[in-house]
Amino acid sequence: MEDRRVKILPTMLVTILLFLTFMFSSTRARAVIDPLLSSSSTKSIIKQENNLVTYIIFLKKPEDMVSAEREELDSWYQSFLPAVTTSSSNQQRLVHSYHNVVTGFAAKLTEKEAKAMEMKEGFVSAHPQKVFHVKTTHTPNFLGLQQNLGFWNHSNYGKGVIIGVLDTGITPSHPSFSDEGMPPPPAKWKGKCEFNGTLCNNKLIGARNFDSAGKPPVDDNGHGTHTASTAAGSRVQGASFYDQLNGTAVGIASSAHLAIYQVCSGFGSCEESNILAGMDTAVEDGADVLSLSLGAGSLPFYEDSIAIGAFGAIQKGIFVSCAAGNEGPFKESLSNEAPWILTVGASTVDRSIRATVLLGNKASYDGQSFFQPTNFSSTLLPLIYAGANGSDTAAFCDPGSLKDVDVKGKVVLCESGGFSESVDKGQEVKDAGGAAMIIMNDELSGNITTADFHVLPASDVTYADGLSIKAYINSTSSPMATILFKGTVFGVPYAPQLADFSSRGPSLESPGILKPDIIGPGVDILAAWPYAVDNNRNTKSTFNMISGTSMATPHLSGIAALLKSSHPDWSPAAIKSAIMTTANLTNLGGTPITDDSFGPVDVFAIGSGHVNPTKADDPGLVYDIQPDDYIPYLCGLGYNNTEVGIIVQRPVTCSNSSSIPEAQLNYPSFSIKLGSSPQTYTRTVTNVGPFKSSYIAEIIAPQGVDVKVTPNAIPFGGGDPKAAYSVTFTRTANVNLPFSQGYLNWVSADHVVRNPIAVTFE
């Protein structure tokens with residue numbers, strides 16, 4: 001029998017990306033990476049008191065404690081602590097006790113004390129906790145959700161569903177969390193409210209603080225308030241931001257209940273033990289959906305507390321949605337890769353704060369700006385490139401760089417970057433007498449523009465458009481330009497685009513599972529905020545516009561809540577399948593989704609595509625997976641019995657007969673490594689559409705690969721809603737590509753069930 005007493009994992013500090021990538025404020029509006037991402041700043045966050053470090057200890061219940069009550073388990077947990085601590089009054093060693101997603105606890109220990117636990121019966125593993133960091137008025141319409149119509153109405157806006165948000169807390173007094181018209185929570189709800197008075201209500205039904213015990217979970221950061229209102233905020237009329245984006249702010253599942261679990265500090269640091277405690281409590285409380293806009297980069301699943309907690313959640317029928325990360329556009333940069341988690345990437349929306357540059361040759365280029373003057377003349381003015389004299393600092397319009405450049409009364413083209421932010425550049429142009437400014441993106445920033453808070457008429461244009469404006473300046477002796485301010489514009493035809501920061505696959509921990517799963521709105525998302533950021537123009541209904549996969553995740557969490565309300569009998573895997581197989585591959589203009597440089601995107605960037613909530617409500621077929629189905633998959637990853645047992649929280653014996661290749665998991669996509677030998681995998685689909693229906697296989701084969709599906713037609717109507725098929729992949733040519741992609745579509749009279757295929761070549 002395998003020895004279940006494993007060695008303590010070495011001390012490991014993992015910086016979990018701040019999945020909030022862009023922050024906008026009245027003083028600085030350009031994209032920035034949060035300074036907390038540096039490892040040096042993270043090390044200072046680890047709690048060490050008298051050489052004590054918070055350890056997470058995983059245990060295996062003895063046979064006589066399998067059905068033990070909470071009090072008995074807690075007493076057993078205490079028995080693992082050094083005897084000196086059980087009666088200690090000067091310091092509380094036990095940090096958290098876990099009862100639902102894992103068996104174990106978190107405690108402050110020395111390395112010697114933790115190692116001493118190895119000899120106790122029931123011990124599985126112990127490791128020092130990792131410290132993580134946390135990673136709308138229009139997006140419902142952009143996603144096709146219309147008030148009193150279609151899927152939104154059919155799903156009752158998520159009525160009766162409980163969304164648990166694990167984040168930096170919440171601002172309970174914000175009108176986005178009003179309970180007007182909300183029914184009481186379902187009878188199953190067991191949660192608590194740690195706010196005083198009546199701040200919790202039928203919308204905000206629970207609020208717990210795991211970061212600072214004994215204090216209410218007030219959001220001092222803003223991240224948690226923003227994500228919670230995106231997922232399930234109530235309708236707030238008159239929302240705006242710097243006099244733009246005017247409309248009614250509303251969450252995706254506006255009739256769902258919210259349960260808040262503060263697992264991160266106001267500085268955005270999230271201790272692993274707190275995250276696990278939040279997930280453990282949310283499961284016990286009765287949440288239906290968990291939304292986590294945080295993650296750890298790629299980790300073995302048995303070392304990833306989010307993956308472990310999420311597995312415990314799906315065992316209870318709870319859907320888990322997590323951010324993919326903000327490490328794009330780099331490959332293999334994903335977080336939250338476990339197949340039982342919905343891994344969410346970020347896209348743009350079809351909204352622009354339009355500032356159009358008009359040149360003397362009649363060419364025009366759409367840019368953005370929050371500064372929207374109503375009295376700026378449309379008359380053409382002289383146009384100059386600030387770096388025409390060869391000075392780099394002048395080209396960037398850095399402070400003091402234009403004192404010897406004649407810009408008076410002219411439109412000045414500046415480059416982004418250098419040693420100044422956009423507002424500083426504008427101040428330099430204004431101080432030098434310039435009439436207006438054009439800022440062109442650098443090549444790395446690409447073609448997703450940002451609306452900034454300028455001090456003079458200005459427009460932020462793409463890198464490509466900036467090059468065109470430069471070329472025009474060089475083509476004539478008297479270049480002219482002006483800026484036309486058009487306010488908030490909807491219907492941008494090339495939206496959605498993949499956000500440049502959105503993390504990409506392939507998955508490092510499990511390359512046989514195609515990740516990310518889906519992309520959704522995550523750029524310039526307007527949602528609730530604890531305080532006014534627009535110079536106190538609106539101090540009651542405060543909103544902020546920020547970007548990141550953190551913002552995309554609660555959109556998908558809200559959509560999962562709508563599907564849960566519409567289909568209460570669907571499993572988490574079925575909901576996930578419905579979201580994935582119905583996703584869009586084209587933008588509003590009907591052309592393929594691109595990245596921010598208008599280049600093609602692949603399945604390792606967008607997964608199944610961009611979420612389409614209405615189609616997800618009626619997917620036709622779903623790929624269901626029961627929790628036990630993941631055990632052969634985990635064994636196939638090469639995990640040993642103890643490691644798999646940590647994830648599934650029960651004894652497991654892996655053997656060759658019980659292991660499967662990753663690509664054999666009943667997932668709604670294929671990701672394989674193909675050599676000279678053919679590979680065959682099976683899938684089982686469940687009919688959730690019309691009782692009598694028939695599906696035909698449509699194959700868009702990856703380049704250099706032959707794809708054979710058996711059978712190539714699946715009829716339903718005989719009583720069994722399930723049907724199995726096999727797919728054989730055979731290499732047909734040597735392809736000089738890092739990978740090749742295609743699709744297997746199951747097509748009926750009413751549905752197209754799309755399955756992405758990614759093939760890397762050995």
# chains A, B, ... in the order shown; residues from 1 in each chain; ligands from 1
$ select_by_dssp --residues "stretch 187-308 of chain A" --states "alpha helix (DSSP H)" --output "count of residues only"
28
$ closest_atom_pairs --of "stretch 539-658 of chain A" --to "stretch 340-349 of chain A" --cutoff "12 Å" --atoms "only C-alpha atoms" --output "tab-separated table"
residue	atom	partner	partner_atom	distance
A:Ile546	CA	A:Thr348	CA	11.7
A:Ser547	CA	A:Ala346	CA	8.6
A:Gly548	CA	A:Ala346	CA	6.6
A:Thr549	CA	A:Ala346	CA	5.0
A:Ser550	CA	A:Ala346	CA	8.4
A:Met551	CA	A:Ala346	CA	7.8
A:Ala552	CA	A:Ala346	CA	5.4
A:Thr553	CA	A:Val344	CA	5.7
A:Pro554	CA	A:Val344	CA	9.4
A:His555	CA	A:Val344	CA	9.4
A:Leu556	CA	A:Val344	CA	7.6
A:Ser557	CA	A:Leu342	CA	9.1
A:Ile559	CA	A:Leu342	CA	11.8
A:Ala560	CA	A:Leu342	CA	9.9
A:Ser571	CA	A:Trp340	CA	11.1
A:Pro572	CA	A:Trp340	CA	8.1
A:Ala573	CA	A:Trp340	CA	7.2
A:Ala574	CA	A:Trp340	CA	10.9
A:Ile575	CA	A:Leu342	CA	9.7
A:Lys576	CA	A:Leu342	CA	6.7
A:Ser577	CA	A:Leu342	CA	9.6
A:Ala578	CA	A:Leu342	CA	11.6
A:Ile579	CA	A:Leu342	CA	9.4
A:Met580	CA	A:Leu342	CA	9.4
A:Asn587	CA	A:Val349	CA	10.1
A:Leu588	CA	A:Val349	CA	10.1
A:Ile593	CA	A:Ser347	CA	9.8
A:Thr594	CA	A:Ser347	CA	10.0
A:Asp595	CA	A:Ser347	CA	8.9
A:Asp596	CA	A:Thr348	CA	8.9
A:Val601	CA	A:Ser347	CA	11.9
A:Val603	CA	A:Gly345	CA	11.6
A:Phe604	CA	A:Gly345	CA	10.4
A:Ala605	CA	A:Gly345	CA	8.0
A:Ile606	CA	A:Gly345	CA	6.9
A:Gly607	CA	A:Gly345	CA	8.5
A:Ser608	CA	A:Val344	CA	10.6
A:Gly609	CA	A:Gly345	CA	9.7
A:His610	CA	A:Ser347	CA	7.9
A:Val611	CA	A:Val344	CA	9.9
A:Asp624	CA	A:Trp340	CA	11.0
A:Ile625	CA	A:Trp340	CA	8.8
A:Gln626	CA	A:Trp340	CA	9.8
A:Pro627	CA	A:Trp340	CA	8.5
A:Asp628	CA	A:Trp340	CA	11.4
A:Asp629	CA	A:Trp340	CA	10.6
A:Tyr630	CA	A:Trp340	CA	8.4
A:Ile631	CA	A:Trp340	CA	11.7
A:Tyr633	CA	A:Trp340	CA	11.4
A:Leu634	CA	A:Trp340	CA	11.6
A:Ile647	CA	A:Trp340	CA	11.5
A:Val648	CA	A:Trp340	CA	11.8
$ closest_residue --among "A:Leu358, A:Ala723, A:Leu143, A:Ile57" --to "A:Ala616" --atoms "only C-alpha atoms"
A:Leu143
$ residues_around --residues "A:Ser503" --least-positions-apart "5" --cutoff "6 Å" --atoms "only C-alpha atoms" --output "list in words"
Ala324, Gly325, Asn326, Glu327, Gly328, Ser333 and Leu334 of chain A
$ atom_distance --atom1 "atom CA of A:Ser155" --atom2 "atom CA of A:Gly251"
13.9 Å
$ atom_distance --atom1 "atom CA of A:Lys362" --atom2 "atom CA of A:Lys470"
14.8 Å
$ closest_residue --among "A:Arg504, A:Arg731, A:Lys215, A:Arg754" --to "A:Ile696" --atoms "only C-alpha atoms"
A:Arg754
$ closest_residue --among "A:Thr54, A:Asn100, A:Ser321, A:Asn712" --to "A:Glu113" --atoms "only C-alpha atoms"
A:Thr54
$ residues_around --residues "A:Ile483" --least-positions-apart "2" --cutoff "8 Å" --atoms "only C-alpha atoms" --output "NGL selection string"
:A and (355-358 or 378 or 436 or 457-459 or 481 or 485)
$ write_last_selection --atoms "C-alpha atoms" --output "short mmCIF file (atom, residue, chain, number, x, y, z; two decimals), in the first residue's frame"
data_model
loop_
_atom_site.label_atom_id
_atom_site.label_comp_id
_atom_site.auth_asym_id
_atom_site.auth_seq_id
_atom_site.Cartn_x
_atom_site.Cartn_y
_atom_site.Cartn_z
CA ALA A 355 -12.51 61.27 -31.22
CA THR A 356 -11.95 61.12 -34.97
CA VAL A 357 -8.82 62.59 -36.54
CA LEU A 358 -9.59 64.26 -39.89
CA SER A 378 -13.84 71.45 -36.99
CA ALA A 436 -4.72 69.79 -29.93
CA PRO A 457 -8.55 68.33 -27.30
CA ALA A 458 -6.87 65.01 -28.08
CA SER A 459 -7.30 61.59 -29.64
CA ALA A 481 -5.77 68.16 -39.33
CA PHE A 485 -15.57 64.68 -31.07
#
$ select_by_dssp --residues "stretch 269-488 of chain A" --states "strand (DSSP E or B)" --output "PyMOL selection string"
chain A and resi 269-271+289-292+294+319-323+342-347+351-359+364-368+381-385+411-415+436-440+458-461+480-488
$ closest_atom_pairs --of "stretch 151-253 of chain A" --to "stretch 144-147 of chain A" --cutoff "8 Å" --atoms "only C-alpha atoms" --output "JSON lines"
{"residue": "A:Phe151", "atom": "CA", "partner": "A:Leu145", "partner_atom": "CA", "distance": 6.9}
{"residue": "A:Trp152", "atom": "CA", "partner": "A:Leu145", "partner_atom": "CA", "distance": 5.6}
{"residue": "A:Asn153", "atom": "CA", "partner": "A:Gln147", "partner_atom": "CA", "distance": 6.7}
$ write_last_selection --atoms "all heavy atoms" --output "PDB file, in the first residue's frame"
ATOM      1  N   PHE A 151     -33.723  35.265 -23.907  1.00  0.00           N
ATOM      2  CA  PHE A 151     -33.093  34.467 -22.859  1.00  0.00           C
ATOM      3  C   PHE A 151     -33.095  35.192 -21.521  1.00  0.00           C
ATOM      4  O   PHE A 151     -33.314  34.581 -20.466  1.00  0.00           O
ATOM      5  CB  PHE A 151     -31.666  34.120 -23.282  1.00  0.00           C
ATOM      6  CG  PHE A 151     -30.852  33.412 -22.233  1.00  0.00           C
ATOM      7  CD1 PHE A 151     -31.409  32.418 -21.434  1.00  0.00           C
ATOM      8  CD2 PHE A 151     -29.510  33.721 -22.049  1.00  0.00           C
ATOM      9  CE1 PHE A 151     -30.654  31.755 -20.475  1.00  0.00           C
ATOM     10  CE2 PHE A 151     -28.751  33.069 -21.096  1.00  0.00           C
ATOM     11  CZ  PHE A 151     -29.324  32.092 -20.304  1.00  0.00           C
ATOM     12  N   TRP A 152     -32.827  36.488 -21.524  1.00  0.00           N
ATOM     13  CA  TRP A 152     -32.797  37.219 -20.251  1.00  0.00           C
ATOM     14  C   TRP A 152     -34.138  37.078 -19.532  1.00  0.00           C
ATOM     15  O   TRP A 152     -34.198  36.825 -18.339  1.00  0.00           O
ATOM     16  CB  TRP A 152     -32.483  38.691 -20.520  1.00  0.00           C
ATOM     17  CG  TRP A 152     -31.480  39.270 -19.563  1.00  0.00           C
ATOM     18  CD1 TRP A 152     -30.798  38.617 -18.583  1.00  0.00           C
ATOM     19  CD2 TRP A 152     -31.051  40.624 -19.509  1.00  0.00           C
ATOM     20  NE1 TRP A 152     -29.961  39.480 -17.920  1.00  0.00           N
ATOM     21  CE2 TRP A 152     -30.095  40.718 -18.462  1.00  0.00           C
ATOM     22  CE3 TRP A 152     -31.368  41.780 -20.225  1.00  0.00           C
ATOM     23  CZ2 TRP A 152     -29.466  41.923 -18.135  1.00  0.00           C
ATOM     24  CZ3 TRP A 152     -30.738  42.970 -19.897  1.00  0.00           C
ATOM     25  CH2 TRP A 152     -29.799  43.040 -18.872  1.00  0.00           C
ATOM     26  N   ASN A 153     -35.209  37.254 -20.285  1.00  0.00           N
ATOM     27  CA  ASN A 153     -36.543  37.144 -19.697  1.00  0.00           C
ATOM     28  C   ASN A 153     -36.858  35.691 -19.341  1.00  0.00           C
ATOM     29  O   ASN A 153     -37.378  35.404 -18.260  1.00  0.00           O
ATOM     30  CB  ASN A 153     -37.576  37.690 -20.679  1.00  0.00           C
ATOM     31  CG  ASN A 153     -38.971  37.753 -20.085  1.00  0.00           C
ATOM     32  OD1 ASN A 153     -39.189  38.408 -19.078  1.00  0.00           O
ATOM     33  ND2 ASN A 153     -39.915  37.063 -20.713  1.00  0.00           N
TER      34      ASN A 153
END
$ atom_distance --atom1 "atom CA of A:Gly512" --atom2 "atom CA of A:Gln664"
8.7 Å
$ residues_around --residues "A:Asp219" --least-positions-apart "4" --cutoff "12 Å" --atoms "only C-alpha atoms" --output "ChimeraX atom specification"
/A:166-174,195,207-209,211-212,215,223-228,260-268,528-531
$ closest_residue --among "A:Thr103, A:Gln497, A:Ser240, A:Thr542" --to "A:Val124" --atoms "only C-alpha atoms"
A:Thr103
$ closest_residue --among "A:His454, A:Lys120, A:Lys316, A:Lys408" --to "A:Phe370" --atoms "only C-alpha atoms"
A:His454
$ closest_residue --among "A:Tyr98, A:Phe376, A:Phe105, A:Trp570" --to "A:Tyr55" --atoms "only C-alpha atoms"
A:Phe105
$ residues_around --residues "A:Gly312" --least-positions-apart "2" --cutoff "7 Å" --atoms "only C-alpha atoms" --output "PyMOL selection string"
chain A and resi 100-102+308-310+314-316
$ write_last_selection --atoms "N, CA and C atoms" --output "compact mmCIF listing (two decimals), in the first residue's frame"
# COMPACT_ATOMS: atom_id res chain seq x y z
N ASN A 100 -15.63 21.19 3.90
CA ASN A 100 -16.48 20.90 2.75
C ASN A 100 -15.71 20.55 1.49
N VAL A 101 -14.81 21.44 1.05
CA VAL A 101 -14.08 21.14 -0.18
C VAL A 101 -12.82 20.34 0.08
N VAL A 102 -12.29 20.42 1.31
CA VAL A 102 -11.13 19.61 1.69
C VAL A 102 -11.27 19.24 3.16
N ILE A 308 -8.32 22.71 -6.19
CA ILE A 308 -8.81 21.76 -5.18
C ILE A 308 -10.18 22.20 -4.66
N GLY A 309 -10.29 23.48 -4.31
CA GLY A 309 -11.57 23.99 -3.83
C GLY A 309 -12.66 23.90 -4.87
N ALA A 310 -12.29 24.17 -6.14
CA ALA A 310 -13.28 24.10 -7.22
C ALA A 310 -13.77 22.68 -7.43
N ILE A 314 -17.67 21.49 -7.47
CA ILE A 314 -18.43 20.82 -8.53
C ILE A 314 -19.00 19.48 -8.06
N GLN A 315 -18.36 18.90 -7.04
CA GLN A 315 -18.93 17.68 -6.46
C GLN A 315 -20.30 17.95 -5.83
N LYS A 316 -20.53 19.19 -5.42
CA LYS A 316 -21.82 19.59 -4.85
C LYS A 316 -22.71 20.29 -5.89
$ residues_around --residues "A:Asn666" --least-positions-apart "5" --cutoff "7 Å" --atoms "only C-alpha atoms" --output "PyMOL selection string"
chain A and resi 623+625+683-684
$ write_last_selection --atoms "N, CA and C atoms" --output "short mmCIF file (atom, residue, chain, number, x, y, z; two decimals), in the first residue's frame"
data_model
loop_
_atom_site.label_atom_id
_atom_site.label_comp_id
_atom_site.auth_asym_id
_atom_site.auth_seq_id
_atom_site.Cartn_x
_atom_site.Cartn_y
_atom_site.Cartn_z
N TYR A 623 -21.84 18.04 -23.53
CA TYR A 623 -20.86 17.05 -23.11
C TYR A 623 -20.84 17.07 -21.59
N ILE A 625 -19.91 15.69 -17.77
CA ILE A 625 -18.83 15.03 -17.04
C ILE A 625 -19.23 14.98 -15.57
N ARG A 683 -16.22 10.39 -27.49
CA ARG A 683 -17.00 11.40 -26.78
C ARG A 683 -18.43 10.89 -26.65
N THR A 684 -19.11 11.37 -25.60
CA THR A 684 -20.52 11.06 -25.40
C THR A 684 -21.29 12.37 -25.29
#
$ decode --residues "stretch 437-467 of chain A" --atoms "C-alpha atoms" --output "PDB file, in the first residue's frame"
ATOM      1  CA  MET A 437      -2.845  66.503 -29.667  1.00  0.00           C
ATOM      2  CA  ILE A 438      -2.868  63.099 -31.344  1.00  0.00           C
ATOM      3  CA  ILE A 439      -1.234  60.228 -29.426  1.00  0.00           C
ATOM      4  CA  MET A 440      -0.291  57.179 -31.471  1.00  0.00           C
ATOM      5  CA  ASN A 441       0.064  53.787 -29.788  1.00  0.00           C
ATOM      6  CA  ASP A 442       3.455  52.130 -29.841  1.00  0.00           C
ATOM      7  CA  GLU A 443       3.792  48.851 -31.705  1.00  0.00           C
ATOM      8  CA  LEU A 444       3.467  46.757 -28.552  1.00  0.00           C
ATOM      9  CA  SER A 445       0.203  48.473 -27.569  1.00  0.00           C
ATOM     10  CA  GLY A 446      -1.180  47.606 -30.998  1.00  0.00           C
ATOM     11  CA  ASN A 447      -4.593  48.714 -32.069  1.00  0.00           C
ATOM     12  CA  ILE A 448      -6.784  48.738 -28.972  1.00  0.00           C
ATOM     13  CA  THR A 449      -7.106  52.414 -28.087  1.00  0.00           C
ATOM     14  CA  THR A 450      -7.835  53.920 -24.701  1.00  0.00           C
ATOM     15  CA  ALA A 451     -10.072  56.833 -23.757  1.00  0.00           C
ATOM     16  CA  ASP A 452      -7.959  59.152 -21.610  1.00  0.00           C
ATOM     17  CA  PHE A 453      -8.673  62.233 -19.491  1.00  0.00           C
ATOM     18  CA  HIS A 454      -6.831  64.912 -21.419  1.00  0.00           C
ATOM     19  CA  VAL A 455      -6.254  68.565 -20.591  1.00  0.00           C
ATOM     20  CA  LEU A 456      -6.787  69.687 -24.195  1.00  0.00           C
ATOM     21  CA  PRO A 457      -8.553  68.332 -27.300  1.00  0.00           C
ATOM     22  CA  ALA A 458      -6.870  65.007 -28.078  1.00  0.00           C
ATOM     23  CA  SER A 459      -7.296  61.589 -29.638  1.00  0.00           C
ATOM     24  CA  ASP A 460      -5.597  58.245 -28.941  1.00  0.00           C
ATOM     25  CA  VAL A 461      -5.169  56.370 -32.241  1.00  0.00           C
ATOM     26  CA  THR A 462      -3.811  52.951 -33.133  1.00  0.00           C
ATOM     27  CA  TYR A 463      -0.212  52.258 -34.077  1.00  0.00           C
ATOM     28  CA  ALA A 464      -1.171  51.596 -37.696  1.00  0.00           C
ATOM     29  CA  ASP A 465      -3.199  54.798 -37.929  1.00  0.00           C
ATOM     30  CA  GLY A 466      -0.336  56.725 -36.353  1.00  0.00           C
ATOM     31  CA  LEU A 467       1.999  55.486 -39.068  1.00  0.00           C
TER      32      LEU A 467
END
